[in-house]
Every structure is written in structure tokens, then in C-alpha cells.
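Q: Structure file final.cif, mmCIF, N, CA, C and O atoms, is pasted below:
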data_target
#
loop_
_atom_site.label_atom_id
_atom_site.label_comp_id
_atom_site.auth_asym_id
_atom_site.auth_seq_id
_atom_site.Cartn_x
_atom_site.Cartn_y
_atom_site.Cartn_z
N MET A 1 244.05 72.67 30.81
CA MET A 1 243.34 71.47 31.22
C MET A 1 242.00 71.42 30.50
O MET A 1 241.44 72.42 30.12
N ALA A 2 241.49 70.20 30.37
CA ALA A 2 240.23 70.03 29.66
C ALA A 2 239.39 68.95 30.33
O ALA A 2 239.90 68.07 30.99
N ASP A 3 238.11 69.07 30.12
CA ASP A 3 237.17 68.07 30.60
C ASP A 3 236.91 67.08 29.47
O ASP A 3 236.88 67.46 28.31
N LYS A 4 236.70 65.81 29.81
CA LYS A 4 236.39 64.79 28.81
C LYS A 4 234.93 64.42 28.93
O LYS A 4 234.41 64.24 30.01
N MET A 5 234.29 64.30 27.78
CA MET A 5 232.90 63.85 27.73
C MET A 5 232.85 62.65 26.81
O MET A 5 233.62 62.57 25.85
N LEU A 6 231.95 61.72 27.06
CA LEU A 6 231.79 60.56 26.20
C LEU A 6 230.44 60.65 25.52
O LEU A 6 229.41 60.75 26.17
N ASP A 7 230.47 60.64 24.18
CA ASP A 7 229.25 60.64 23.40
C ASP A 7 228.76 59.20 23.36
O ASP A 7 229.36 58.36 22.71
N GLU A 8 227.69 58.89 24.05
CA GLU A 8 227.20 57.53 24.19
C GLU A 8 226.74 56.94 22.86
O GLU A 8 226.76 55.73 22.68
N MET A 9 226.31 57.77 21.92
CA MET A 9 225.78 57.25 20.66
C MET A 9 226.86 56.55 19.84
O MET A 9 226.66 55.47 19.34
N ASP A 10 228.00 57.17 19.68
CA ASP A 10 229.03 56.58 18.84
C ASP A 10 230.36 56.40 19.58
O ASP A 10 231.36 56.05 18.96
N GLU A 11 230.35 56.61 20.86
CA GLU A 11 231.49 56.41 21.73
C GLU A 11 232.72 57.21 21.31
O GLU A 11 233.84 56.82 21.56
N ASN A 12 232.50 58.37 20.68
CA ASN A 12 233.59 59.27 20.38
C ASN A 12 233.95 60.03 21.64
O ASN A 12 233.07 60.44 22.39
N ILE A 13 235.23 60.22 21.85
CA ILE A 13 235.66 61.00 23.00
C ILE A 13 235.74 62.46 22.57
O ILE A 13 236.43 62.79 21.61
N VAL A 14 235.01 63.31 23.26
CA VAL A 14 234.99 64.74 22.99
C VAL A 14 235.59 65.44 24.20
O VAL A 14 235.22 65.17 25.34
N VAL A 15 236.53 66.33 23.93
CA VAL A 15 237.23 67.05 24.98
C VAL A 15 236.86 68.53 24.89
O VAL A 15 236.82 69.10 23.80
N GLU A 16 236.56 69.12 26.04
CA GLU A 16 236.19 70.53 26.09
C GLU A 16 237.33 71.33 26.70
O GLU A 16 237.82 71.01 27.79
N PHE A 17 237.75 72.37 25.98
CA PHE A 17 238.74 73.32 26.48
C PHE A 17 238.05 74.68 26.59
O PHE A 17 237.08 74.95 25.90
N ASN A 18 238.56 75.53 27.46
CA ASN A 18 238.07 76.91 27.54
C ASN A 18 239.18 77.83 27.07
O ASN A 18 240.32 77.72 27.53
N ASP A 19 238.83 78.76 26.15
CA ASP A 19 239.83 79.70 25.66
C ASP A 19 240.02 80.83 26.68
O ASP A 19 239.41 80.83 27.74
N ASP A 20 240.85 81.80 26.32
CA ASP A 20 241.16 82.90 27.24
C ASP A 20 239.94 83.75 27.58
O ASP A 20 239.93 84.43 28.60
N ASN A 21 238.91 83.71 26.72
CA ASN A 21 237.70 84.49 26.96
C ASN A 21 236.60 83.69 27.65
O ASN A 21 235.49 84.16 27.80
N GLY A 22 236.91 82.45 28.05
CA GLY A 22 235.94 81.60 28.72
C GLY A 22 235.00 80.86 27.78
O GLY A 22 234.06 80.22 28.23
N ASN A 23 235.25 80.94 26.47
CA ASN A 23 234.42 80.22 25.50
C ASN A 23 234.81 78.75 25.47
O ASN A 23 235.98 78.41 25.57
N SER A 24 233.81 77.88 25.33
CA SER A 24 234.05 76.45 25.24
C SER A 24 234.45 76.08 23.82
O SER A 24 233.80 76.50 22.86
N LEU A 25 235.50 75.29 23.72
CA LEU A 25 235.96 74.77 22.44
C LEU A 25 235.94 73.26 22.55
O LEU A 25 236.44 72.70 23.53
N TYR A 26 235.39 72.59 21.55
CA TYR A 26 235.24 71.14 21.60
C TYR A 26 236.12 70.47 20.56
O TYR A 26 236.18 70.92 19.41
N TYR A 27 236.78 69.40 20.97
CA TYR A 27 237.67 68.63 20.11
C TYR A 27 237.33 67.16 20.23
O TYR A 27 237.03 66.67 21.31
N GLN A 28 237.41 66.46 19.10
CA GLN A 28 237.20 65.02 19.10
C GLN A 28 238.55 64.32 19.06
O GLN A 28 239.43 64.69 18.29
N GLN A 29 238.70 63.32 19.90
CA GLN A 29 239.94 62.55 19.92
C GLN A 29 239.96 61.64 18.70
O GLN A 29 239.11 60.77 18.55
N GLU A 30 240.94 61.84 17.83
CA GLU A 30 241.05 61.05 16.61
C GLU A 30 241.93 59.82 16.79
O GLU A 30 241.69 58.79 16.19
N MET A 31 242.98 59.97 17.58
CA MET A 31 243.87 58.83 17.82
C MET A 31 244.73 59.09 19.05
O MET A 31 244.88 60.21 19.49
N ILE A 32 245.26 57.99 19.58
CA ILE A 32 246.22 58.05 20.69
C ILE A 32 247.58 57.70 20.11
O ILE A 32 247.73 56.73 19.37
N ILE A 33 248.57 58.51 20.45
CA ILE A 33 249.94 58.28 19.99
C ILE A 33 250.80 58.03 21.22
O ILE A 33 251.05 58.95 22.00
N PRO A 34 251.24 56.78 21.42
CA PRO A 34 252.11 56.50 22.58
C PRO A 34 253.56 56.88 22.26
O PRO A 34 254.08 56.54 21.19
N VAL A 35 254.19 57.59 23.18
CA VAL A 35 255.60 57.98 23.03
C VAL A 35 256.26 57.85 24.40
O VAL A 35 255.81 58.46 25.37
N ASP A 36 257.31 57.05 24.46
CA ASP A 36 258.09 56.88 25.70
C ASP A 36 257.22 56.55 26.91
O ASP A 36 257.38 57.12 27.99
N GLY A 37 256.26 55.65 26.73
CA GLY A 37 255.42 55.20 27.83
C GLY A 37 254.32 56.16 28.24
O GLY A 37 253.62 55.93 29.23
N GLN A 38 254.14 57.23 27.50
CA GLN A 38 253.11 58.24 27.79
C GLN A 38 252.16 58.32 26.60
O GLN A 38 252.60 58.25 25.46
N ASP A 39 250.87 58.50 26.85
CA ASP A 39 249.89 58.63 25.77
C ASP A 39 249.61 60.10 25.48
O ASP A 39 249.47 60.92 26.40
N TYR A 40 249.49 60.38 24.18
CA TYR A 40 249.16 61.72 23.70
C TYR A 40 247.96 61.59 22.76
O TYR A 40 247.87 60.63 22.00
N ALA A 41 247.05 62.55 22.82
CA ALA A 41 245.86 62.50 21.98
C ALA A 41 245.99 63.49 20.84
O ALA A 41 246.42 64.63 21.03
N LEU A 42 245.62 63.04 19.64
CA LEU A 42 245.48 63.92 18.49
C LEU A 42 244.02 64.35 18.50
O LEU A 42 243.11 63.53 18.38
N LEU A 43 243.78 65.64 18.70
CA LEU A 43 242.42 66.18 18.85
C LEU A 43 242.09 67.10 17.68
O LEU A 43 242.90 67.95 17.31
N VAL A 44 240.89 66.92 17.11
CA VAL A 44 240.45 67.72 15.98
C VAL A 44 239.24 68.54 16.39
O VAL A 44 238.29 68.00 16.98
N GLY A 45 239.26 69.84 16.08
CA GLY A 45 238.18 70.74 16.45
C GLY A 45 236.85 70.33 15.83
O GLY A 45 236.79 69.87 14.70
N LEU A 46 235.77 70.51 16.60
CA LEU A 46 234.41 70.20 16.15
C LEU A 46 233.64 71.47 15.88
O LEU A 46 233.95 72.54 16.42
N ASN A 47 232.58 71.32 15.09
CA ASN A 47 231.66 72.43 14.80
C ASN A 47 232.36 73.66 14.26
O ASN A 47 232.05 74.78 14.61
N VAL A 48 233.31 73.42 13.36
CA VAL A 48 234.03 74.54 12.78
C VAL A 48 233.65 74.77 11.33
O VAL A 48 234.12 75.71 10.72
N GLU A 49 232.73 73.94 10.76
CA GLU A 49 232.39 74.07 9.36
C GLU A 49 231.70 75.41 9.06
O GLU A 49 231.77 75.91 7.95
N ASN A 50 231.07 76.02 10.04
CA ASN A 50 230.43 77.31 9.84
C ASN A 50 231.35 78.48 10.17
O ASN A 50 230.96 79.62 10.04
N ASP A 51 232.55 78.17 10.58
CA ASP A 51 233.52 79.19 10.97
C ASP A 51 234.33 79.59 9.74
O ASP A 51 235.13 78.82 9.23
N GLU A 52 234.11 80.81 9.26
CA GLU A 52 234.81 81.27 8.06
C GLU A 52 236.31 81.41 8.29
O GLU A 52 237.09 81.37 7.34
N SER A 53 236.74 81.55 9.51
CA SER A 53 238.16 81.68 9.80
C SER A 53 238.81 80.33 10.08
O SER A 53 239.95 80.26 10.52
N PHE A 54 238.08 79.25 9.78
CA PHE A 54 238.58 77.89 10.05
C PHE A 54 239.90 77.63 9.33
O PHE A 54 240.03 77.85 8.15
N ASP A 55 240.86 77.19 10.08
CA ASP A 55 242.16 76.76 9.55
C ASP A 55 242.40 75.38 10.14
O ASP A 55 242.58 75.24 11.35
N GLU A 56 242.41 74.35 9.28
CA GLU A 56 242.49 72.97 9.77
C GLU A 56 243.69 72.77 10.69
O GLU A 56 243.58 72.11 11.71
N GLU A 57 244.84 73.33 10.34
CA GLU A 57 246.02 73.13 11.17
C GLU A 57 245.87 73.77 12.54
O GLU A 57 246.41 73.27 13.51
N GLU A 58 245.14 74.87 12.63
CA GLU A 58 244.93 75.52 13.92
C GLU A 58 243.90 74.77 14.76
O GLU A 58 243.80 75.00 15.95
N ASN A 59 243.12 73.91 14.14
CA ASN A 59 242.08 73.19 14.86
C ASN A 59 242.44 71.74 15.11
O ASN A 59 241.58 70.92 15.39
N VAL A 60 243.72 71.42 14.99
CA VAL A 60 244.24 70.11 15.36
C VAL A 60 245.29 70.36 16.43
O VAL A 60 246.21 71.16 16.23
N ILE A 61 245.12 69.71 17.58
CA ILE A 61 246.08 69.90 18.66
C ILE A 61 246.53 68.56 19.21
O ILE A 61 245.86 67.54 19.00
N ILE A 62 247.64 68.59 19.87
CA ILE A 62 248.16 67.41 20.57
C ILE A 62 248.10 67.71 22.05
O ILE A 62 248.54 68.76 22.50
N ALA A 63 247.53 66.77 22.81
CA ALA A 63 247.43 66.93 24.26
C ALA A 63 248.00 65.70 24.94
O ALA A 63 247.80 64.57 24.49
N LYS A 64 248.70 65.92 26.02
CA LYS A 64 249.21 64.83 26.85
C LYS A 64 248.07 64.34 27.74
O LYS A 64 247.33 65.14 28.32
N ILE A 65 247.93 63.03 27.84
CA ILE A 65 246.87 62.45 28.69
C ILE A 65 247.50 62.02 30.01
O ILE A 65 248.40 61.18 30.03
N VAL A 66 247.04 62.62 31.09
CA VAL A 66 247.51 62.27 32.43
C VAL A 66 246.29 61.93 33.28
O VAL A 66 245.16 62.28 32.94
N LYS A 67 246.51 61.25 34.38
CA LYS A 67 245.42 60.92 35.31
C LYS A 67 245.34 61.99 36.39
O LYS A 67 246.36 62.42 36.94
N ASP A 68 244.12 62.43 36.69
CA ASP A 68 243.94 63.39 37.77
C ASP A 68 243.85 62.65 39.10
O ASP A 68 244.00 61.43 39.15
N GLU A 69 243.56 63.36 40.18
CA GLU A 69 243.52 62.75 41.50
C GLU A 69 242.41 61.71 41.65
O GLU A 69 242.45 60.88 42.54
N ASN A 70 241.42 61.74 40.75
CA ASN A 70 240.33 60.77 40.78
C ASN A 70 240.55 59.62 39.80
O ASN A 70 239.66 58.78 39.62
N GLY A 71 241.70 59.59 39.15
CA GLY A 71 242.00 58.54 38.19
C GLY A 71 241.36 58.75 36.83
O GLY A 71 241.39 57.86 35.99
N GLU A 72 240.81 59.94 36.61
CA GLU A 72 240.20 60.27 35.32
C GLU A 72 241.25 60.87 34.38
O GLU A 72 242.19 61.51 34.82
N ASP A 73 241.04 60.63 33.08
CA ASP A 73 241.94 61.22 32.09
C ASP A 73 241.80 62.74 32.09
O ASP A 73 240.71 63.29 32.15
N GLU A 74 242.95 63.40 32.03
CA GLU A 74 243.00 64.85 31.94
C GLU A 74 243.92 65.18 30.77
O GLU A 74 244.95 64.53 30.57
N TYR A 75 243.56 66.16 29.97
CA TYR A 75 244.31 66.53 28.78
C TYR A 75 245.05 67.83 29.07
O TYR A 75 244.42 68.84 29.39
N VAL A 76 246.37 67.79 28.96
CA VAL A 76 247.20 68.96 29.28
C VAL A 76 248.16 69.23 28.13
O VAL A 76 248.41 68.37 27.28
N ASP A 77 248.69 70.44 28.12
CA ASP A 77 249.67 70.80 27.09
C ASP A 77 250.96 70.02 27.30
O ASP A 77 251.46 69.94 28.42
N PRO A 78 251.50 69.47 26.20
CA PRO A 78 252.81 68.81 26.32
C PRO A 78 253.91 69.86 26.34
O PRO A 78 253.69 71.01 25.92
N THR A 79 255.08 69.47 26.83
CA THR A 79 256.23 70.36 26.75
C THR A 79 256.64 70.46 25.28
O THR A 79 256.20 69.66 24.43
N ASP A 80 257.50 71.40 24.95
CA ASP A 80 257.98 71.53 23.57
C ASP A 80 258.68 70.25 23.12
O ASP A 80 258.50 69.80 21.99
N GLU A 81 259.47 69.65 24.01
CA GLU A 81 260.18 68.42 23.67
C GLU A 81 259.20 67.27 23.43
O GLU A 81 259.37 66.48 22.50
N GLU A 82 258.18 67.17 24.28
CA GLU A 82 257.17 66.13 24.10
C GLU A 82 256.42 66.33 22.79
O GLU A 82 256.18 65.37 22.04
N PHE A 83 256.06 67.58 22.51
CA PHE A 83 255.34 67.88 21.27
C PHE A 83 256.15 67.44 20.06
O PHE A 83 255.62 66.81 19.15
N GLU A 84 257.43 67.77 20.04
CA GLU A 84 258.29 67.39 18.92
C GLU A 84 258.39 65.88 18.78
O GLU A 84 258.38 65.35 17.67
N ALA A 85 258.48 65.16 19.90
CA ALA A 85 258.58 63.70 19.86
C ALA A 85 257.28 63.09 19.33
O ALA A 85 257.30 62.14 18.54
N VAL A 86 256.15 63.63 19.74
CA VAL A 86 254.86 63.13 19.28
C VAL A 86 254.67 63.44 17.80
O VAL A 86 254.20 62.61 17.02
N GLN A 87 255.07 64.63 17.40
CA GLN A 87 254.97 65.01 16.00
C GLN A 87 255.81 64.07 15.12
O GLN A 87 255.35 63.62 14.08
N LYS A 88 257.00 63.72 15.58
CA LYS A 88 257.85 62.79 14.84
C LYS A 88 257.21 61.40 14.79
O LYS A 88 257.18 60.75 13.74
N ALA A 89 256.67 60.94 15.91
CA ALA A 89 256.01 59.63 15.96
C ALA A 89 254.81 59.60 15.02
O ALA A 89 254.59 58.61 14.30
N TYR A 90 254.04 60.68 14.97
CA TYR A 90 252.89 60.76 14.08
C TYR A 90 253.35 60.71 12.62
O TYR A 90 252.77 59.98 11.80
N ASN A 91 254.38 61.48 12.30
CA ASN A 91 254.90 61.48 10.93
C ASN A 91 255.42 60.10 10.54
O ASN A 91 255.22 59.65 9.41
N ASP A 92 256.08 59.41 11.47
CA ASP A 92 256.56 58.05 11.21
C ASP A 92 255.39 57.09 10.94
O ASP A 92 255.47 56.24 10.05
N LEU A 93 254.30 57.24 11.71
CA LEU A 93 253.11 56.41 11.49
C LEU A 93 252.52 56.66 10.10
O LEU A 93 252.13 55.73 9.39
N CYS A 94 252.45 57.93 9.72
CA CYS A 94 251.91 58.27 8.40
C CYS A 94 252.79 57.72 7.29
O CYS A 94 252.28 57.19 6.30
N ASP A 95 254.10 57.84 7.45
CA ASP A 95 255.03 57.32 6.44
C ASP A 95 254.90 55.81 6.32
O ASP A 95 254.91 55.28 5.21
N ALA A 96 254.77 55.12 7.44
CA ALA A 96 254.64 53.66 7.42
C ALA A 96 253.34 53.25 6.75
O ALA A 96 253.31 52.26 6.00
N GLU A 97 252.27 54.00 6.99
CA GLU A 97 250.98 53.66 6.39
C GLU A 97 251.02 53.91 4.88
O GLU A 97 250.46 53.14 4.10
N GLU A 98 251.69 54.98 4.43
CA GLU A 98 251.81 55.27 3.00
C GLU A 98 252.64 54.20 2.29
O GLU A 98 252.38 53.90 1.12
N ALA A 99 253.59 53.61 2.98
CA ALA A 99 254.46 52.61 2.38
C ALA A 99 253.74 51.29 2.15
O ALA A 99 254.20 50.45 1.39
N GLN A 100 252.61 51.09 2.79
CA GLN A 100 251.87 49.81 2.65
C GLN A 100 251.11 49.73 1.37
O GLN A 100 250.61 50.48 0.76
#
How does this structure look as C-alpha cells?
A:
Amino acid sequence: MADKMLDEMDENIVVEFNDDNGNSLYYQQEMIIPVDGQDYALLVGLNVENDESFDEEENVIIAKIVKDENGEDEYVDPTDEEFEAVQKAYNDLCDAEEAQ
């Protein structure tokens, strides 16, 4: 699960996750990918330019967006099947954009 923060300056959605050691990791929402009536966020890691171990693929994640009990967006891990469907939808979007 992750907390969502809104950067008022540029209205970017930043999501905070905590790793296994309790460290905060921040991701910016780059796009929403709708699949089968459910929204999924493509999230890109922030503040990684100083990280020598930075691997772009490891710092891009897909999260399912669900509503919590207060009606707020909550970002959770998708199932393997959901992840594969979102990955296919993303690839289809990229292919369609390249064809233009």
C-alpha cells in the first residue's frame, strides 16, 4: 500500500511506498492505464539520479488504484494476471502511438 501526495506546484501525483527496511520510496504517476474497468498507474521512481545502482526498469512499477474506506485512492500491487493485462495494454498503446 502507498500514500498519495499532491504536489501543488505542478499538480504531479507523487506516491510514497515503504520498503522492507522502512525507507520511503517516492514515485511519480506518469499515466493511468484503464484495463477491464479498473485503473492502473504507471509509476516512475523519483530522486534516483544520484543512485549509482539506478536501473530504470526497476524504478518503474505498475500499481492498481483502488478506493480506501475514505474514498481516497490507494495504490496496491496487481495480481500477476492483472499485471500481464496492463503490460499488454501499455505495449498496445505504445505500438499505436509509434504507428502515427
Q: Translate the PyMOL selection byres ((chain A and resi 41-47) around 4.5) into a concrete residue list for this structure, as a ChimeraX atom specification.
A: /A:26-31,39-40,48-49,59-63
Q: Do you have the atom CA of A:Asn70-atom CA of A:Val14 distance handy?
A: 19.0 Å
Q: Once DSSP has gone over the backbone, tell me which residues of stretch 20-99 of chain A are in alpha helix (DSSP H), as a ChimeraX atom specification.
A: /A:80-99
Q: Show me the residues around (250.6, 71.1, 27.0) - criterion: an atom at most 8 Å away, only N, CA, C and O atoms counted - as a list in words.
A: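 In the file's frame, the residues around the point are Met1, Ile62, Ala63, Lys64, Tyr75, Val76, Asp77, Pro78, Thr79, Asp80 and Phe83 of chain A.
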Q: Hey, can you spit out that residue selection with N, CA, C and O atoms as a PDB file, in the coordinates of the input?
A:
ATOM      1  N   MET A   1     244.050  72.670  30.810  1.00  0.00           N
ATOM      2  CA  MET A   1     243.340  71.470  31.220  1.00  0.00           C
ATOM      3  C   MET A   1     242.000  71.420  30.500  1.00  0.00           C
ATOM      4  O   MET A   1     241.440  72.420  30.120  1.00  0.00           O
ATOM      5  N   ILE A  62     247.640  68.590  19.870  1.00  0.00           N
ATOM      6  CA  ILE A  62     248.160  67.410  20.570  1.00  0.00           C
ATOM      7  C   ILE A  62     248.100  67.710  22.050  1.00  0.00           C
ATOM      8  O   ILE A  62     248.540  68.760  22.500  1.00  0.00           O
ATOM      9  N   ALA A  63     247.530  66.770  22.810  1.00  0.00           N
ATOM     10  CA  ALA A  63     247.430  66.930  24.260  1.00  0.00           C
ATOM     11  C   ALA A  63     248.000  65.700  24.940  1.00  0.00           C
ATOM     12  O   ALA A  63     247.800  64.570  24.490  1.00  0.00           O
ATOM     13  N   LYS A  64     248.700  65.920  26.020  1.00  0.00           N
ATOM     14  CA  LYS A  64     249.210  64.830  26.850  1.00  0.00           C
ATOM     15  C   LYS A  64     248.070  64.340  27.740  1.00  0.00           C
ATOM     16  O   LYS A  64     247.330  65.140  28.320  1.00  0.00           O
ATOM     17  N   TYR A  75     243.560  66.160  29.970  1.00  0.00           N
ATOM     18  CA  TYR A  75     244.310  66.530  28.780  1.00  0.00           C
ATOM     19  C   TYR A  75     245.050  67.830  29.070  1.00  0.00           C
ATOM     20  O   TYR A  75     244.420  68.840  29.390  1.00  0.00           O
ATOM     21  N   VAL A  76     246.370  67.790  28.960  1.00  0.00           N
ATOM     22  CA  VAL A  76     247.200  68.960  29.280  1.00  0.00           C
ATOM     23  C   VAL A  76     248.160  69.230  28.130  1.00  0.00           C
ATOM     24  O   VAL A  76     248.410  68.370  27.280  1.00  0.00           O
ATOM     25  N   ASP A  77     248.690  70.440  28.120  1.00  0.00           N
ATOM     26  CA  ASP A  77     249.670  70.800  27.090  1.00  0.00           C
ATOM     27  C   ASP A  77     250.960  70.020  27.300  1.00  0.00           C
ATOM     28  O   ASP A  77     251.460  69.940  28.420  1.00  0.00           O
ATOM     29  N   PRO A  78     251.500  69.470  26.200  1.00  0.00           N
ATOM     30  CA  PRO A  78     252.810  68.810  26.320  1.00  0.00           C
ATOM     31  C   PRO A  78     253.910  69.860  26.340  1.00  0.00           C
ATOM     32  O   PRO A  78     253.690  71.010  25.920  1.00  0.00           O
ATOM     33  N   THR A  79     255.080  69.470  26.830  1.00  0.00           N
ATOM     34  CA  THR A  79     256.230  70.360  26.750  1.00  0.00           C
ATOM     35  C   THR A  79     256.640  70.460  25.280  1.00  0.00           C
ATOM     36  O   THR A  79     256.200  69.660  24.430  1.00  0.00           O
ATOM     37  N   ASP A  80     257.500  71.400  24.950  1.00  0.00           N
ATOM     38  CA  ASP A  80     257.980  71.530  23.570  1.00  0.00           C
ATOM     39  C   ASP A  80     258.680  70.250  23.120  1.00  0.00           C
ATOM     40  O   ASP A  80     258.500  69.800  21.990  1.00  0.00           O
ATOM     41  N   PHE A  83     256.060  67.580  22.510  1.00  0.00           N
ATOM     42  CA  PHE A  83     255.340  67.880  21.270  1.00  0.00           C
ATOM     43  C   PHE A  83     256.150  67.440  20.060  1.00  0.00           C
ATOM     44  O   PHE A  83     255.620  66.810  19.150  1.00  0.00           O
TER      45      PHE A  83
END
Q: Can you tell me how far atom O of A:Gln100 sits from atom C of A:Ala85, in Å to one decimal?
A: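 Atom O of A:Gln100 sits 23.4 Å away from atom C of A:Ala85.
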Q: When you draw a straight line from atom CA of A:Ile32 to atom CA of A:Asn12, how long is it in Å?
A: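 Atom CA of A:Asn12 lies 12.7 Å from atom CA of A:Ile32.
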Q: I'd like the contact shell of A:Leu25 - 5 Å cut-off, all atoms listed in the file, skipping same-chain residues fewer than 6 positions apart - returned as a ChimeraX atom specification.
A: /A:15-18
Q: Could you turn the residues from that selection into a file that holds N, CA, C and O atoms, as a CSV table (one decimal), keeping the file's coordinate frame?
A:
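Written output follows (again_21.csv):
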chain,number,residue,atom,x,y,z
A,15,VAL,N,236.5,66.3,23.9
A,15,VAL,CA,237.2,67.0,25.0
A,15,VAL,C,236.9,68.5,24.9
A,15,VAL,O,236.8,69.1,23.8
A,16,GLU,N,236.6,69.1,26.0
A,16,GLU,CA,236.2,70.5,26.1
A,16,GLU,C,237.3,71.3,26.7
A,16,GLU,O,237.8,71.0,27.8
A,17,PHE,N,237.8,72.4,26.0
A,17,PHE,CA,238.7,73.3,26.5
A,17,PHE,C,238.0,74.7,26.6
A,17,PHE,O,237.1,75.0,25.9
A,18,ASN,N,238.6,75.5,27.5
A,18,ASN,CA,238.1,76.9,27.5
A,18,ASN,C,239.2,77.8,27.1
A,18,ASN,O,240.3,77.7,27.5
Q: When you write stretch 21-95 of chain A out from the block above, keep C-alpha atoms and present the result as a PDB file, in the first residue's frame, please.
A:
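Just written: result20.pdb:
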ATOM      1  CA  ASN A  21      13.524  -1.645   5.814  1.00  0.00           C
ATOM      2  CA  GLY A  22      11.013   1.163   6.406  1.00  0.00           C
ATOM      3  CA  ASN A  23      12.684   3.540   3.930  1.00  0.00           C
ATOM      4  CA  SER A  24      10.410   5.868   1.967  1.00  0.00           C
ATOM      5  CA  LEU A  25      10.454   5.470  -1.800  1.00  0.00           C
ATOM      6  CA  TYR A  26       8.777   8.090  -3.970  1.00  0.00           C
ATOM      7  CA  TYR A  27       7.227   7.540  -7.393  1.00  0.00           C
ATOM      8  CA  GLN A  28       5.580   9.959  -9.791  1.00  0.00           C
ATOM      9  CA  GLN A  29       2.443   8.865 -11.588  1.00  0.00           C
ATOM     10  CA  GLU A  30       3.207   9.102 -15.304  1.00  0.00           C
ATOM     11  CA  MET A  31      -0.040   7.754 -16.714  1.00  0.00           C
ATOM     12  CA  ILE A  32      -3.236   5.868 -15.951  1.00  0.00           C
ATOM     13  CA  ILE A  33      -3.881   2.695 -17.928  1.00  0.00           C
ATOM     14  CA  PRO A  34      -7.506   1.513 -17.808  1.00  0.00           C
ATOM     15  CA  VAL A  35      -7.975  -2.259 -18.183  1.00  0.00           C
ATOM     16  CA  ASP A  36     -11.298  -4.078 -17.795  1.00  0.00           C
ATOM     17  CA  GLY A  37     -12.932  -1.190 -15.924  1.00  0.00           C
ATOM     18  CA  GLN A  38     -10.061  -0.840 -13.435  1.00  0.00           C
ATOM     19  CA  ASP A  39      -7.394   1.890 -13.395  1.00  0.00           C
ATOM     20  CA  TYR A  40      -3.691   1.113 -13.064  1.00  0.00           C
ATOM     21  CA  ALA A  41      -0.926   3.671 -12.562  1.00  0.00           C
ATOM     22  CA  LEU A  42       2.436   3.641 -14.297  1.00  0.00           C
ATOM     23  CA  LEU A  43       4.770   4.980 -11.591  1.00  0.00           C
ATOM     24  CA  VAL A  44       8.356   6.151 -12.128  1.00  0.00           C
ATOM     25  CA  GLY A  45      10.863   6.417  -9.278  1.00  0.00           C
ATOM     26  CA  LEU A  46      11.964   9.905  -8.190  1.00  0.00           C
ATOM     27  CA  ASN A  47      15.291  11.199  -6.902  1.00  0.00           C
ATOM     28  CA  VAL A  48      17.239   8.318  -8.344  1.00  0.00           C
ATOM     29  CA  GLU A  49      19.708  10.339 -10.454  1.00  0.00           C
ATOM     30  CA  ASN A  50      22.256  10.221  -7.619  1.00  0.00           C
ATOM     31  CA  ASP A  51      21.756   6.499  -7.119  1.00  0.00           C
ATOM     32  CA  GLU A  52      24.629   4.644  -8.786  1.00  0.00           C
ATOM     33  CA  SER A  53      22.641   1.412  -8.680  1.00  0.00           C
ATOM     34  CA  PHE A  54      19.756   3.031 -10.602  1.00  0.00           C
ATOM     35  CA  ASP A  55      18.104   0.679 -13.064  1.00  0.00           C
ATOM     36  CA  GLU A  56      15.279   2.366 -14.970  1.00  0.00           C
ATOM     37  CA  GLU A  57      13.277  -0.842 -15.324  1.00  0.00           C
ATOM     38  CA  GLU A  58      13.480  -1.499 -11.588  1.00  0.00           C
ATOM     39  CA  ASN A  59      12.246   2.018 -10.864  1.00  0.00           C
ATOM     40  CA  VAL A  60       9.099   1.771 -12.969  1.00  0.00           C
ATOM     41  CA  ILE A  61       6.187  -0.045 -11.374  1.00  0.00           C
ATOM     42  CA  ILE A  62       2.551  -0.694 -12.093  1.00  0.00           C
ATOM     43  CA  ALA A  63       0.067  -0.251  -9.257  1.00  0.00           C
ATOM     44  CA  LYS A  64      -3.653  -0.936  -9.134  1.00  0.00           C
ATOM     45  CA  ILE A  65      -5.670   2.079  -7.985  1.00  0.00           C
ATOM     46  CA  VAL A  66      -8.449   1.211  -5.541  1.00  0.00           C
ATOM     47  CA  LYS A  67     -10.540   3.351  -3.188  1.00  0.00           C
ATOM     48  CA  ASP A  68      -9.960   3.010   0.543  1.00  0.00           C
ATOM     49  CA  GLU A  69     -12.684   3.278   3.193  1.00  0.00           C
ATOM     50  CA  ASN A  70     -12.478   7.094   2.984  1.00  0.00           C
ATOM     51  CA  GLY A  71     -12.877   7.164  -0.794  1.00  0.00           C
ATOM     52  CA  GLU A  72      -9.221   8.088  -1.308  1.00  0.00           C
ATOM     53  CA  ASP A  73      -7.057   6.489  -3.984  1.00  0.00           C
ATOM     54  CA  GLU A  74      -4.853   3.701  -2.691  1.00  0.00           C
ATOM     55  CA  TYR A  75      -2.099   2.068  -4.760  1.00  0.00           C
ATOM     56  CA  VAL A  76      -1.748  -1.698  -4.363  1.00  0.00           C
ATOM     57  CA  ASP A  77       0.095  -4.500  -6.104  1.00  0.00           C
ATOM     58  CA  PRO A  78      -1.816  -6.001  -9.022  1.00  0.00           C
ATOM     59  CA  THR A  79      -2.198  -9.752  -9.356  1.00  0.00           C
ATOM     60  CA  ASP A  80       0.070 -11.479 -11.882  1.00  0.00           C
ATOM     61  CA  GLU A  81      -2.853 -11.699 -14.316  1.00  0.00           C
ATOM     62  CA  GLU A  82      -3.673  -8.005 -13.893  1.00  0.00           C
ATOM     63  CA  PHE A  83      -0.021  -7.061 -14.350  1.00  0.00           C
ATOM     64  CA  GLU A  84       0.191  -9.021 -17.608  1.00  0.00           C
ATOM     65  CA  ALA A  85      -3.032  -7.422 -18.903  1.00  0.00           C
ATOM     66  CA  VAL A  86      -1.784  -3.925 -18.061  1.00  0.00           C
ATOM     67  CA  GLN A  87       1.594  -4.642 -19.617  1.00  0.00           C
ATOM     68  CA  LYS A  88      -0.138  -5.757 -22.826  1.00  0.00           C
ATOM     69  CA  ALA A  89      -2.386  -2.670 -22.824  1.00  0.00           C
ATOM     70  CA  TYR A  90       0.658  -0.418 -22.344  1.00  0.00           C
ATOM     71  CA  ASN A  91       2.522  -2.131 -25.186  1.00  0.00           C
ATOM     72  CA  ASP A  92      -0.553  -1.752 -27.424  1.00  0.00           C
ATOM     73  CA  LEU A  93      -0.683   1.986 -26.589  1.00  0.00           C
ATOM     74  CA  CYS A  94       2.999   2.368 -27.456  1.00  0.00           C
ATOM     75  CA  ASP A  95       2.575   0.462 -30.722  1.00  0.00           C
TER      76      ASP A  95
END
